[in-house]
Amino acid sequence: MSTQRGNSETEQPVGIGGSVPRVGGRDRVTGHQAYVADLHLEDELHVKLVTVDCARARIGTIDATAALALPGVRLVMTAADLPDPMPRFGPQYRDRPVLAVNETRYHGEPVAAVAADTLDAAEAGAALVRVEYEPLPAVFTIDAALAPGAPLVQDPDMRPADPLRDTNVLREHRYGWGDVDGAKADVVVEGTYTFPMVTQFAIEPHAFMAAPDGDGIAVWSSIQHPNWLQRVIASLLDMPLSRVRVYAPDPGGAFGGKQHAKYEPLLAFMALRAGRPVRLVLTLEETFQAVRRGASSVHVRSGFRSDGTLVFRDIEANYLIGAYADIADRTVAKGSYTSAGPYRVPNVRILARSVLSHTVPSTAFRGFGNPQQIWAVESNMDEAARILGIDPVELRLRNLAAPTEAFIPGDTPADGRWAESVRRAARMIDWGGPVAPGRGRGIAVGIKSGPTTGLSYSTVRLLADGSVVVYAGTSDMGQGARTIYAQIAAHELGAPVDWVTVVMGDTAVVPYDQQTSASRSSVLMGNAVLHACRDIQAKLGRMAAKLEGVDEAAVSVDAGLVRIADRDEPIRDVLARVLGRLGGEIIGVGEMRKEAEPDHPLGGTAAFYEFNCTAVEVEVDRETGDILLTRHVTVSDVGRALNPTQVRGQDEGAAIMGLGHTLMEHYIFDDEGRIRNLGAIDYRIPTSMDLPVLIESEIVENGDGPGPYGAKGMSEGALLPVAPAVAAAVRDATGVSIRDLPLTPERVWKALHPDASRAGEQAVALP
Amino acid sequence: MRPFSYERPRTLPAAIDLLAGGASAAALAGGTDLIIGLRDGSVRPEVVVDLKGIDEIETGIQVDGDRLVIGGRAVMEDIAADPRVRRDFMALAEAAAVVGSVQIRNRATLAGNLCNASPAADTAPALLVYDASVVVVGPAGSRRIAVDDFFRGPGTTALVPGELVTAIELPLPPARRGAVHLRRTRRRGHDLASVTLAVAVEDGGRVRLAYGSVGPRPILVTDDSGVLTDRGSSAEARASAMERLLAAASPSPRSMRASPEYRLAMLRVLADRALGAAVQRMQGQPA
Amino acid sequence: MTEPYPIQVTVNGRMRTARVAPHHTLLEVLRDDLGLTGSKECCLVGECGACTVMLDGRSVDSCLVLAAEADGGEVLTVEGLAADGRLTALQEAFLEYGAAQCGFCIPGQLLSAHALLTTHEHPTRADVEEGLAGNLCRCAGYQQIIEAVLAAAGAGAAGGTEGRRRDGAQDGPVPSAHSDRPDPAATPDAQVAPQ
């Protein structure tokens, strides 16, 4: 459990919408913020994973004799030491084994784990475990995985009734409306756009601990969804939820990669077997082999009338997911569902496939399946603008859904004035204004459906002195959820922000929260906190009415003030009177639900949409292929900025993360399916020297979100359209459209010098 | 990391004894490459010999007669900032300034960069065009090796077991000279070069060009014809002179950092740009 | 052959002695032997800077320094920045500008910034970008980190909405049009706040 208070140096304004310093910020600048790897348990054992050196292999005997003979080595766990059949888990399908059994399916999948008194001994022991294995044919690309007769990633017996069981297609998703084939278009624009495998690269590598805890088990994890994890562990160990305690200290960055269980089940089994606490801190290389984003190849066909009106969209997307489903198929479903864009399109057909491969299981990653589609569809939009001879901004404005327009039949109507964001971004980049030689401008929009279901509970305690404790099961992984909840409670209950303590990350103490994902936490948990505060206000009102001997209707409590017969008093003052001599506290309970809708293709409508418009100006060095972003503007429709400094951090952070997959990031594989650029030396992410010369973020606030005070979720939007905006600017500067990411100098150079380059010699990223 | 023992000798003879002794030994200066190798298991010594206790190996940079002497323990950050280096050996200052991050440059030594003999070593081309020598001490005494003779191949140098580099010497420029270091990387932040190159032009039109990361070792080539710096010479003549200089490049097709055709094309682009900049520097201020 | 190696190091002004394994890095010894977990472990190849500390007055990646090498040296870690519970100007600026998001890279960023300010009293924006390039931030709070460093150096100017330039122009935290307590019902019209 971690507990943090507001910055106590200064008393902050109570108001919402102020840039209250981050709650937990002080510990973050003094080195006292404790992440999982900073915690130690008495008598702990250190764990090292054992892997084999290829992607897919048949596993023979595992001989641990030499490892066990090493001083300090206490346990070598293999599949044989786990229940038979092998326990499996996963948020969508229970397909991932606790340890590989009989066969490995991706490079880095553990076949055994060594626990020892020291990390040195665990590492030395892991090197001594002898694993007999035989490499098997494997597939690492979309084409290879879909080829007739391709080796199957998943055992067909795992889905005997599925007509796709004898293919590597885990699932197909089909959406649409209207009649694409019957639609009459003046101009049809089509292309295939690819997006590489990229990895979350949280600076905190995943870390886990597990320890026997009375009759149960305690698990520590840098996880986003502690309650999910609790359920997974309870189910695998056949324990009641109440005997599984998950501690989830604030993750050091997560970005989706820490949503779901990875090695916690293994550690739980090891802790129970060893009867001692065990800990596993992944290396960065191991995190590359644990989480990534799905690669994709998206074919887009768009039909327009000659005036630019969209007539149809026909989209076929293949996502290369990994060896196990994790949450990847859901990213495919959700990313594809909105792929026609925030536009009025009368005829739409979308087909998306989750294609299994012998690669690292892909999972959630900021944008959740959408950046791949938006890259394709918005690039297609830019090409269409050029072919139609219509300005790209104008083309978008002409087709953008108006507020309240049902742009996806049966789903939440457009919930923002999206054109406002587009016009603002265009103005900021001086769209249509003069452009220096060698430079070009590009613009793109992105939309993402927010959470489709949700359940968050919060308990808030108003203590006798007017200070407040908020319990919220959200993980504060950098988005600043603690600060938002502290602001809400401070505002509602009239406490200074630094009088609010927010308790998170302990399933034995904090009420249930479904998950920290989909930019939901300000909206869903924020509302739960708000409701808990309002529950306190109602109780306080009743108590005050009784005390004053007035009718309950004569008392109202709001925004920190108690109003009795037109007289306002701060809650803190009234509280002392109503609590009386014994003191005590007032406990409020809040709940926020977004119910599932079983008939909806996604199981529920969007709680809100994240909408962003990004415009960039680039300078392209035609001789080297270098792209310099001279300007990057990003405009997000956030409903209401509860904390503008944090909003800016999310927007600009998402924008720069988007520049990573746009310009430099990709896994590079060898023929055996091993990641060649495994680790920080050859997997490049943006540094402080890779920023645009000028980056500006602005927000549109219309108070039209479903969250507290009109807020919407907003942590992913600014990443969504970065790649197509940059590619459009490169096209504007050079006349060349590039349909594959990342836009490395070499790729741009090859596009500009098609004769000078010979294809096939470079190790290119998959797919 | 696999265990090893650690020694910190105080004198050169003691260090040489350790390095030439029976046990497999690795010399440690800045450690920014060695420790990566120790961790990934590509280097597995029984003993690590830390050279930082040896006063005879200098950390500083001095002028000794007609040479600039860079101590064997001088780090990149100091070399990049040194006023004499910046005045007379600007290409070296530029190269040293892009080796890794500040934290790396605060530890990494020029001597270590040479001893690693990476084909992509950024300081190598500058040292080659400046005609630098390496001062080496070993069981058989001391010797000087021209940098061009020092590199043998990827990770291999002319050093024999027990030898270590105590200094790098650069002859002071005899006349006006302009020199430039340029490189290609995958991002603007620190990165390993896919082409790294230095050019020095002298008053008489002599051009010394060295390039790395386009073959198993950095290569030095020269052109004394004057064609390359003569504005009167034809574009064809200059192009063909440049082609001759670049002909020795042979980038590996197996690298994931850049394809051979891109490296070769960038070698030409960088060589042209560096040549132009070097001529300008020569005409402007001494470099 | 791998006898523990005795070291004596001044860490954050306090003399510490330890018998370290020769193959253990300064980072491991700080975190595991001395209990100073503020310095973080991530890439272990000197690329991410999460483990940055000052050693004898210079910033280094402590994952690439053997603990034995630090014998006799002086180390400053993030835990040693604040004195007597008072944050340094740099730490205050990081808080004020929202530079810390998840916070995992922040100890390293702070140490690199601290090192930069010891050699550059009045750094330009380019100096800061260069000085912090060895510290990866995946929340990519680079803008706010850079602004915080410039502000702490006394170079931070007043707020503005011009955005953030590379050429040395600086601006402070950008004021919001909604710094007052909002009344959602009272703002039906479109409002656009620069942030």
# chains A, B, ... in the order shown; residues from 1 in each chain; ligands from 1
>>> residues_around(residues="segment 542-554 of chain A", least_positions_apart="3", cutoff="12 Å", atoms="only C-alpha atoms", output="PyMOL selection string")
chain A and resi 535-539+557+561-567+569+571+573-580+586
>>> write_last_selection(atoms="C-alpha atoms", output="PDB file, in the first residue's frame")
ATOM      1  CA  ASP A 535     -22.690  10.946  -0.041  1.00  0.00           C
ATOM      2  CA  ILE A 536     -20.769  12.648   2.760  1.00  0.00           C
ATOM      3  CA  GLN A 537     -22.399  15.954   1.884  1.00  0.00           C
ATOM      4  CA  ALA A 538     -25.843  14.367   2.111  1.00  0.00           C
ATOM      5  CA  LYS A 539     -25.082  12.742   5.455  1.00  0.00           C
ATOM      6  CA  VAL A 557     -24.076  21.118   1.170  1.00  0.00           C
ATOM      7  CA  LEU A 561     -19.964  24.891   2.184  1.00  0.00           C
ATOM      8  CA  VAL A 562     -22.984  24.073   4.300  1.00  0.00           C
ATOM      9  CA  ARG A 563     -25.919  26.344   3.614  1.00  0.00           C
ATOM     10  CA  ILE A 564     -28.500  26.546   6.317  1.00  0.00           C
ATOM     11  CA  ALA A 565     -31.255  29.047   5.752  1.00  0.00           C
ATOM     12  CA  ASP A 566     -29.214  31.212   3.356  1.00  0.00           C
ATOM     13  CA  ARG A 567     -26.223  31.219   5.663  1.00  0.00           C
ATOM     14  CA  GLU A 569     -20.562  27.969   6.678  1.00  0.00           C
ATOM     15  CA  ILE A 571     -17.893  22.244   6.191  1.00  0.00           C
ATOM     16  CA  ASP A 573     -16.767  24.422  11.043  1.00  0.00           C
ATOM     17  CA  VAL A 574     -20.090  22.623  10.868  1.00  0.00           C
ATOM     18  CA  LEU A 575     -18.376  19.240  11.103  1.00  0.00           C
ATOM     19  CA  ALA A 576     -17.068  19.835  14.605  1.00  0.00           C
ATOM     20  CA  ARG A 577     -20.582  20.607  15.796  1.00  0.00           C
ATOM     21  CA  VAL A 578     -22.329  17.723  14.090  1.00  0.00           C
ATOM     22  CA  LEU A 579     -19.788  15.118  15.136  1.00  0.00           C
ATOM     23  CA  GLY A 580     -20.171  16.216  18.706  1.00  0.00           C
ATOM     24  CA  ILE A 586     -18.289  10.724   8.149  1.00  0.00           C
TER      25      ILE A 586
END
>>> select_by_dssp(residues="segment 482-591 of chain A", states="strand (DSSP E)", output="ChimeraX atom specification")
/A:500-504,555-558,561-564,567-570,585-591
>>> interface_residues(of="chain B", to="chain A", cutoff="10 Å", atoms="only C-alpha atoms", output="PyMOL selection string")
chain B and resi 1-3+184-192+253-263+265-266+268-270
>>> residues_around(residues="Gly440 of chain A", least_positions_apart="2", cutoff="9 Å", atoms="only C-alpha atoms", output="PDB file with N, CA and C atoms, in the first residue's frame")
ATOM      1  N   VAL A 435       5.125  28.769 -46.530  1.00  0.00           N
ATOM      2  CA  VAL A 435       5.969  27.701 -45.987  1.00  0.00           C
ATOM      3  C   VAL A 435       7.377  27.889 -46.548  1.00  0.00           C
ATOM      4  N   ALA A 436       8.363  27.797 -45.682  1.00  0.00           N
ATOM      5  CA  ALA A 436       9.751  27.975 -46.123  1.00  0.00           C
ATOM      6  C   ALA A 436      10.144  26.838 -47.066  1.00  0.00           C
ATOM      7  N   PRO A 437      11.088  27.110 -47.967  1.00  0.00           N
ATOM      8  CA  PRO A 437      11.532  26.059 -48.899  1.00  0.00           C
ATOM      9  C   PRO A 437      12.052  24.839 -48.134  1.00  0.00           C
ATOM     10  N   GLY A 438      11.757  23.669 -48.659  1.00  0.00           N
ATOM     11  CA  GLY A 438      12.218  22.439 -48.017  1.00  0.00           C
ATOM     12  C   GLY A 438      11.330  21.980 -46.883  1.00  0.00           C
ATOM     13  N   GLY A 442       1.569  19.128 -42.358  1.00  0.00           N
ATOM     14  CA  GLY A 442       0.594  18.039 -42.403  1.00  0.00           C
ATOM     15  C   GLY A 442      -0.323  18.113 -41.213  1.00  0.00           C
ATOM     16  N   VAL A 616       1.698  19.407 -37.940  1.00  0.00           N
ATOM     17  CA  VAL A 616       3.147  19.558 -37.805  1.00  0.00           C
ATOM     18  C   VAL A 616       3.720  20.254 -39.032  1.00  0.00           C
ATOM     19  N   GLU A 617       4.865  20.860 -38.816  1.00  0.00           N
ATOM     20  CA  GLU A 617       5.660  21.364 -39.938  1.00  0.00           C
ATOM     21  C   GLU A 617       7.002  20.659 -39.870  1.00  0.00           C
ATOM     22  N   VAL A 618       7.448  20.166 -41.010  1.00  0.00           N
ATOM     23  CA  VAL A 618       8.722  19.452 -41.023  1.00  0.00           C
ATOM     24  C   VAL A 618       9.665  20.070 -42.049  1.00  0.00           C
ATOM     25  N   GLU A 619      10.935  19.783 -41.817  1.00  0.00           N
ATOM     26  CA  GLU A 619      11.942  20.123 -42.810  1.00  0.00           C
ATOM     27  C   GLU A 619      12.600  18.803 -43.161  1.00  0.00           C
ATOM     28  N   VAL A 620      12.651  18.479 -44.430  1.00  0.00           N
ATOM     29  CA  VAL A 620      13.209  17.198 -44.847  1.00  0.00           C
ATOM     30  C   VAL A 620      14.532  17.447 -45.562  1.00  0.00           C
ATOM     31  N   ALA A 728       2.125  13.225 -43.660  1.00  0.00           N
ATOM     32  CA  ALA A 728       1.500  14.182 -44.567  1.00  0.00           C
ATOM     33  C   ALA A 728       2.405  15.396 -44.777  1.00  0.00           C
ATOM     34  N   ALA A 729       3.072  15.810 -43.714  1.00  0.00           N
ATOM     35  CA  ALA A 729       3.994  16.947 -43.845  1.00  0.00           C
ATOM     36  C   ALA A 729       5.191  16.581 -44.718  1.00  0.00           C
ATOM     37  N   VAL A 730       5.656  15.349 -44.565  1.00  0.00           N
ATOM     38  CA  VAL A 730       6.772  14.892 -45.415  1.00  0.00           C
ATOM     39  C   VAL A 730       6.318  14.871 -46.875  1.00  0.00           C
ATOM     40  N   ARG A 731       5.110  14.411 -47.091  1.00  0.00           N
ATOM     41  CA  ARG A 731       4.553  14.403 -48.445  1.00  0.00           C
ATOM     42  C   ARG A 731       4.445  15.834 -48.983  1.00  0.00           C
ATOM     43  N   ASP A 732       4.013  16.739 -48.113  1.00  0.00           N
ATOM     44  CA  ASP A 732       3.878  18.139 -48.522  1.00  0.00           C
ATOM     45  C   ASP A 732       5.242  18.725 -48.885  1.00  0.00           C
ATOM     46  N   ALA A 733       6.263  18.319 -48.128  1.00  0.00           N
ATOM     47  CA  ALA A 733       7.602  18.869 -48.366  1.00  0.00           C
ATOM     48  C   ALA A 733       8.278  18.241 -49.569  1.00  0.00           C
ATOM     49  N   THR A 734       7.992  16.960 -49.826  1.00  0.00           N
ATOM     50  CA  THR A 734       8.782  16.233 -50.825  1.00  0.00           C
ATOM     51  C   THR A 734       7.958  15.706 -51.993  1.00  0.00           C
TER      52      THR A 734
END
>>> atom_distance(atom1="atom CA of Val165 of chain B", atom2="atom CA of Leu51 of chain B")
10.3 Å
>>> closest_residue(among="C:Lys40, C:Glu28, C:Ala68, C:Asp33", to="Ile7 of chain C", atoms="only C-alpha atoms")
C:Ala68
>>> select_by_dssp(residues="segment 77-168 of chain C", states="helix (DSSP H, G or I)", output="PyMOL selection string")
chain C and resi 78-80+89-96+106-119+125-131+142-152
>>> write_last_selection(atoms="C-alpha atoms", output="PDB file, in the first residue's frame")
ATOM      1  CA  VAL C  78      18.969  12.049  -5.322  1.00  0.00           C
ATOM      2  CA  GLU C  79      18.528  11.414  -1.616  1.00  0.00           C
ATOM      3  CA  GLY C  80      21.334  13.874  -0.963  1.00  0.00           C
ATOM      4  CA  ALA C  89      15.525  25.064  -6.292  1.00  0.00           C
ATOM      5  CA  LEU C  90      15.739  22.342  -8.900  1.00  0.00           C
ATOM      6  CA  GLN C  91      13.446  20.017  -6.986  1.00  0.00           C
ATOM      7  CA  GLU C  92      11.002  22.838  -6.317  1.00  0.00           C
ATOM      8  CA  ALA C  93      10.974  23.724  -9.987  1.00  0.00           C
ATOM      9  CA  PHE C  94      10.338  20.107 -10.959  1.00  0.00           C
ATOM     10  CA  LEU C  95       7.266  20.159  -8.726  1.00  0.00           C
ATOM     11  CA  GLU C  96       6.069  23.533  -9.893  1.00  0.00           C
ATOM     12  CA  ILE C 106      13.217  11.825 -12.193  1.00  0.00           C
ATOM     13  CA  PRO C 107      16.092  11.027  -9.821  1.00  0.00           C
ATOM     14  CA  GLY C 108      18.368  10.637 -12.843  1.00  0.00           C
ATOM     15  CA  GLN C 109      16.988  13.744 -14.515  1.00  0.00           C
ATOM     16  CA  LEU C 110      17.581  15.724 -11.347  1.00  0.00           C
ATOM     17  CA  LEU C 111      21.163  14.542 -11.033  1.00  0.00           C
ATOM     18  CA  SER C 112      21.919  15.329 -14.668  1.00  0.00           C
ATOM     19  CA  ALA C 113      20.334  18.733 -14.256  1.00  0.00           C
ATOM     20  CA  HIS C 114      22.273  19.297 -11.061  1.00  0.00           C
ATOM     21  CA  ALA C 115      25.489  18.386 -12.862  1.00  0.00           C
ATOM     22  CA  LEU C 116      24.611  20.674 -15.747  1.00  0.00           C
ATOM     23  CA  LEU C 117      24.021  23.614 -13.450  1.00  0.00           C
ATOM     24  CA  THR C 118      27.395  23.107 -11.812  1.00  0.00           C
ATOM     25  CA  THR C 119      29.092  23.701 -15.166  1.00  0.00           C
ATOM     26  CA  ARG C 125      17.615  25.549 -23.824  1.00  0.00           C
ATOM     27  CA  ALA C 126      19.995  23.707 -26.154  1.00  0.00           C
ATOM     28  CA  ASP C 127      22.423  23.180 -23.262  1.00  0.00           C
ATOM     29  CA  VAL C 128      19.634  21.621 -21.229  1.00  0.00           C
ATOM     30  CA  GLU C 129      18.477  19.393 -24.068  1.00  0.00           C
ATOM     31  CA  GLU C 130      22.045  18.206 -24.536  1.00  0.00           C
ATOM     32  CA  GLY C 131      22.710  17.900 -20.824  1.00  0.00           C
ATOM     33  CA  TYR C 142      10.833  16.571 -21.547  1.00  0.00           C
ATOM     34  CA  GLN C 143       9.178  19.946 -22.124  1.00  0.00           C
ATOM     35  CA  GLN C 144       8.255  20.402 -18.510  1.00  0.00           C
ATOM     36  CA  ILE C 145      11.566  18.989 -17.290  1.00  0.00           C
ATOM     37  CA  ILE C 146      13.514  21.385 -19.497  1.00  0.00           C
ATOM     38  CA  GLU C 147      11.405  24.323 -18.372  1.00  0.00           C
ATOM     39  CA  ALA C 148      11.959  23.354 -14.753  1.00  0.00           C
ATOM     40  CA  VAL C 149      15.723  23.247 -15.216  1.00  0.00           C
ATOM     41  CA  LEU C 150      15.743  26.612 -16.953  1.00  0.00           C
ATOM     42  CA  ALA C 151      13.574  28.084 -14.242  1.00  0.00           C
ATOM     43  CA  ALA C 152      15.798  26.694 -11.518  1.00  0.00           C
TER      44      ALA C 152
END
>>> residues_around(residues="Ala67 of chain C", least_positions_apart="6", cutoff="8 Å", atoms="only C-alpha atoms", output="PyMOL selection string")
chain C and resi 7+20+22-29
>>> interface_residues(of="chain B", to="chain C", cutoff="9 Å", atoms="only C-alpha atoms", output="ChimeraX atom specification")
/B:1-6,8,30-36,38-39,46-48,50,52,100-107,189-190
>>> closest_residue(among="B:Arg238, B:Arg183, B:Arg244, B:Arg217", to="Val199 of chain B", atoms="only C-alpha atoms")
B:Arg183
>>> atom_distance(atom1="atom CA of Leu164 of chain A", atom2="atom CA of Tyr324 of chain A")
15.6 Å
>>> closest_residue(among="A:Leu75, A:Leu602, A:Ile447, A:Met714", to="Ala271 of chain A", atoms="only C-alpha atoms")
A:Leu75
>>> residues_around(residues="segment 77-83 of chain B", least_positions_apart="6", cutoff="10 Å", atoms="only C-alpha atoms", output="list in words")
Thr59, Gly60, Ile61, Ile70, Gly71, Phe89, Met90, Ala91, Leu92, Ala93, Glu94, Ala95, Ala96, Ala97, Val98, Val99, Ser101, Val102, Gln103, Ile104, Arg105, Asn106, Arg107, Ala108, Thr109 and Leu110 of chain B
>>> atom_distance(atom1="atom CA of Pro83 of chain A", atom2="atom CA of Glu42 of chain A")
27.6 Å
